[in-house]
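Engineer: One structure, pasted below without further comment.
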Amino acid sequence: MGTDNRFELLFENLMDRFKKDLPNYLTYHNAAHTRYVLDKARLIAKEEKVEGDQLELVQIAALYHDSGFLNGMVDHENEGCEIAKAELPLYGFSALQIQEICQMITATKIPQRPQNLLGRIVADADLEYLGTDLFDLGSQRLFDELRNFNTSLTHMEWLKIQIGFLESHQYHTDYCQEFRQPKKMEHLARLKEEFLTAR
């Protein structure tokens, strides 16, 4: 099985399961988010000069990083690792490669603590949108998702959560630090202003 071919098979299989098996109330953690993170992982990997076999592992980790939601909300990163461990050997991935993939999946867990460059790439791809014009859309989708579990969550409470998150978040790759951090700080300043004027 060619490496291009096996990725396409894994991609189609997982996207199909997301569409069929993920609940509709996951307005943020869904197939569209995974496709976005995969796209950004490729972009950041290219900028960080990662290619070949290493690039394939980055793509697989990005593809599987939220697969754990198929098993439920709790500890979804570890659940995603378990899914990867069960499925990837069937596609010719070695135990060592799967261990690397799991390290990258775990790197997306908040607070993010990536162990190496590949982990930094996938961690940044997962939250790349924080430093883009898609921030408000992503924020709204996450708010809608969280409201499904906590109907009393108010807009002001969400503002405070977002401000705290943006203040504590840091990008890990040179690319995102240069090209996404400035816009993220603009979003943070705007949210703080909105919070102060709304009080």
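Residues in the structure tokens are numbered from 1 in each chain, the chains being A, B, ... in the order shown, and ligands are numbered from 1 in the order shown.
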Just want the 12 Å neighbourhood of Phe149 in chain A, counted on only C-alpha atoms, with same-chain residues fewer than 6 positions away dropped. Output as a list in words.
Structural biologist: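 These residues fall inside the cut-off: Tyr25, Leu26, Met73, Leu142 and Phe143 of chain A.
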Engineer: Convert the current residue selection to file output with C-alpha atoms, as a PDB file, in the first residue's frame.
Structural biologist:
ATOM      1  CA  TYR A  25     -24.113  19.374  19.156  1.00  0.00           C
ATOM      2  CA  LEU A  26     -20.353  19.163  18.522  1.00  0.00           C
ATOM      3  CA  MET A  73     -15.939  13.848  25.599  1.00  0.00           C
ATOM      4  CA  LEU A 142     -17.053  26.524  20.675  1.00  0.00           C
ATOM      5  CA  PHE A 143     -19.441  28.643  22.765  1.00  0.00           C
TER       6      PHE A 143
END
Engineer: Counting only C-alpha atoms, which residues of range 12-81 of chain A fall within 8 Å of range 87-110 of chain A, and what is the closest atom pair for each with its distance in Å at one decimal, ordered by chain and rising number, as a Markdown table?
Structural biologist:
| residue | atom | partner | partner_atom | distance |
| --- | --- | --- | --- | --- |
| A:Leu57 | CA | A:Ile101 | CA | 6.1 |
| A:Val58 | CA | A:Ile101 | CA | 7.2 |
| A:Ile60 | CA | A:Ile101 | CA | 7.0 |
| A:Ala61 | CA | A:Ile101 | CA | 5.1 |
| A:Ala62 | CA | A:Ile105 | CA | 7.3 |
| A:Tyr64 | CA | A:Ile105 | CA | 7.2 |
| A:His65 | CA | A:Ile105 | CA | 4.8 |
| A:Glu77 | CA | A:Thr106 | CA | 5.7 |
| A:Asn78 | CA | A:Thr106 | CA | 7.0 |
| A:Gly80 | CA | A:Ile105 | CA | 7.4 |
| A:Cys81 | CA | A:Cys102 | CA | 5.2 |
Engineer: If we count only C-alpha atoms, what is near Ile44 in chain A at a cut-off of 8 Å, once residues fewer than 3 positions away on the same chain are taken out, given as a PyMOL selection string?
Structural biologist: chain A and resi 40-41+47-48+121+125+173+175-176
Engineer: Tell me which of A:Glu145, A:Arg42, A:Gln170, A:His155 sits closest to Ala198 in chain A, counting only C-alpha atoms.
Structural biologist: A:His155
Engineer: From the list A:Pro111, A:Gly164, A:Gly68, A:Gly52, which residue is nearest Leu14 in chain A when using only C-alpha atoms?
Structural biologist: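 Closest candidate: A:Gly68.
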Engineer: Point out the residue among A:Gly72, A:Leu146, A:Leu55, A:Glu167 with the least atom-to-atom distance to Leu22 in chain A, counting only C-alpha atoms.
Structural biologist: A:Gly72
Engineer: Report as a PDB file with C-alpha atoms, in the first residue's frame all protein, DNA and RNA residues lying within 6 Å of Arg141 in chain A, evaluated on only C-alpha atoms, omitting residues in the same chain fewer than 2 positions from it.
Structural biologist:
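As a result, selection_34.pdb now contains:
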ATOM      1  CA  THR A  27     -20.390  22.409  16.551  1.00  0.00           C
ATOM      2  CA  TYR A  28     -16.642  22.918  17.049  1.00  0.00           C
ATOM      3  CA  GLY A 138     -14.370  29.457  15.945  1.00  0.00           C
ATOM      4  CA  SER A 139     -15.181  31.153  19.241  1.00  0.00           C
ATOM      5  CA  PHE A 143     -19.441  28.643  22.765  1.00  0.00           C
ATOM      6  CA  ASP A 144     -22.441  26.923  21.147  1.00  0.00           C
TER       7      ASP A 144
END
Engineer: Identify, with DSSP run on backbone atoms, the residues in chain A assigned to helix (DSSP H, G or I), and express the list as a PyMOL selection string.
Structural biologist: chain A and resi 3-21+31-47+52-64+67-71+76-91+95-106+117-126+128-131+135-149+155-168+174-179+181-198
Engineer: Looking at A:Asp21, A:Asp16, A:Glu56, A:Asp39, which one is nearest to Leu70 in chain A, with distances taken over only C-alpha atoms?
Structural biologist: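 Ranking A:Asp21, A:Asp16, A:Glu56, A:Asp39 by distance to Leu70 in chain A, first place goes to A:Asp21.
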Engineer: Could you work out how far CA of Arg17 in chain A lies from CA of Glu51 in chain A, giving the answer in Å with one decimal?
Structural biologist: 28.0 Å
Engineer: As a PyMOL selection string, please: the residues near Lys160 in chain A (cut-off 12 Å, only C-alpha atoms, same-chain neighbours under 4 positions excluded).
Structural biologist: chain A and resi 153-156+164-167+188+191-196+198-199
Engineer: Would you put the residues from that selection into a file with C-alpha atoms, as a PDB file, in the first residue's frame?
Structural biologist:
ATOM      1  CA  LEU A 153     -23.030  29.845  30.411  1.00  0.00           C
ATOM      2  CA  THR A 154     -23.407  33.567  29.682  1.00  0.00           C
ATOM      3  CA  HIS A 155     -21.731  35.708  27.050  1.00  0.00           C
ATOM      4  CA  MET A 156     -19.843  37.607  29.791  1.00  0.00           C
ATOM      5  CA  GLY A 164      -7.924  34.003  30.162  1.00  0.00           C
ATOM      6  CA  PHE A 165      -7.269  31.433  27.459  1.00  0.00           C
ATOM      7  CA  LEU A 166      -5.690  33.906  25.030  1.00  0.00           C
ATOM      8  CA  GLU A 167      -3.523  35.326  27.832  1.00  0.00           C
ATOM      9  CA  LEU A 188      -7.215  39.726  23.031  1.00  0.00           C
ATOM     10  CA  LEU A 191     -12.124  41.129  23.934  1.00  0.00           C
ATOM     11  CA  LYS A 192     -10.738  43.000  26.951  1.00  0.00           C
ATOM     12  CA  GLU A 193     -12.256  46.240  25.681  1.00  0.00           C
ATOM     13  CA  GLU A 194     -15.585  44.525  25.078  1.00  0.00           C
ATOM     14  CA  PHE A 195     -15.515  43.059  28.580  1.00  0.00           C
ATOM     15  CA  LEU A 196     -14.756  46.415  30.220  1.00  0.00           C
ATOM     16  CA  ALA A 198     -20.053  45.566  28.949  1.00  0.00           C
ATOM     17  CA  ARG A 199     -19.563  45.474  32.722  1.00  0.00           C
TER      18      ARG A 199
END
Engineer: Give me, as a short mmCIF file (atom, residue, chain, number, x, y, z; two decimals) with N, CA and C atoms, in the first residue's frame, all polymer residues having an atom no more than 10 Å from Asp133 in chain A, counting only C-alpha atoms and skipping those fewer than 6 positions away in the same chain.
Structural biologist:
data_model
loop_
_atom_site.label_atom_id
_atom_site.label_comp_id
_atom_site.auth_asym_id
_atom_site.auth_seq_id
_atom_site.Cartn_x
_atom_site.Cartn_y
_atom_site.Cartn_z
N LYS A 183 -1.97 38.93 15.38
CA LYS A 183 -3.43 38.97 15.22
C LYS A 183 -4.13 38.45 16.48
N LYS A 184 -3.55 37.42 17.09
CA LYS A 184 -4.12 36.90 18.34
C LYS A 184 -4.14 37.98 19.41
N HIS A 187 -6.99 40.32 18.86
CA HIS A 187 -8.25 39.73 19.36
C HIS A 187 -8.35 39.88 20.88
#
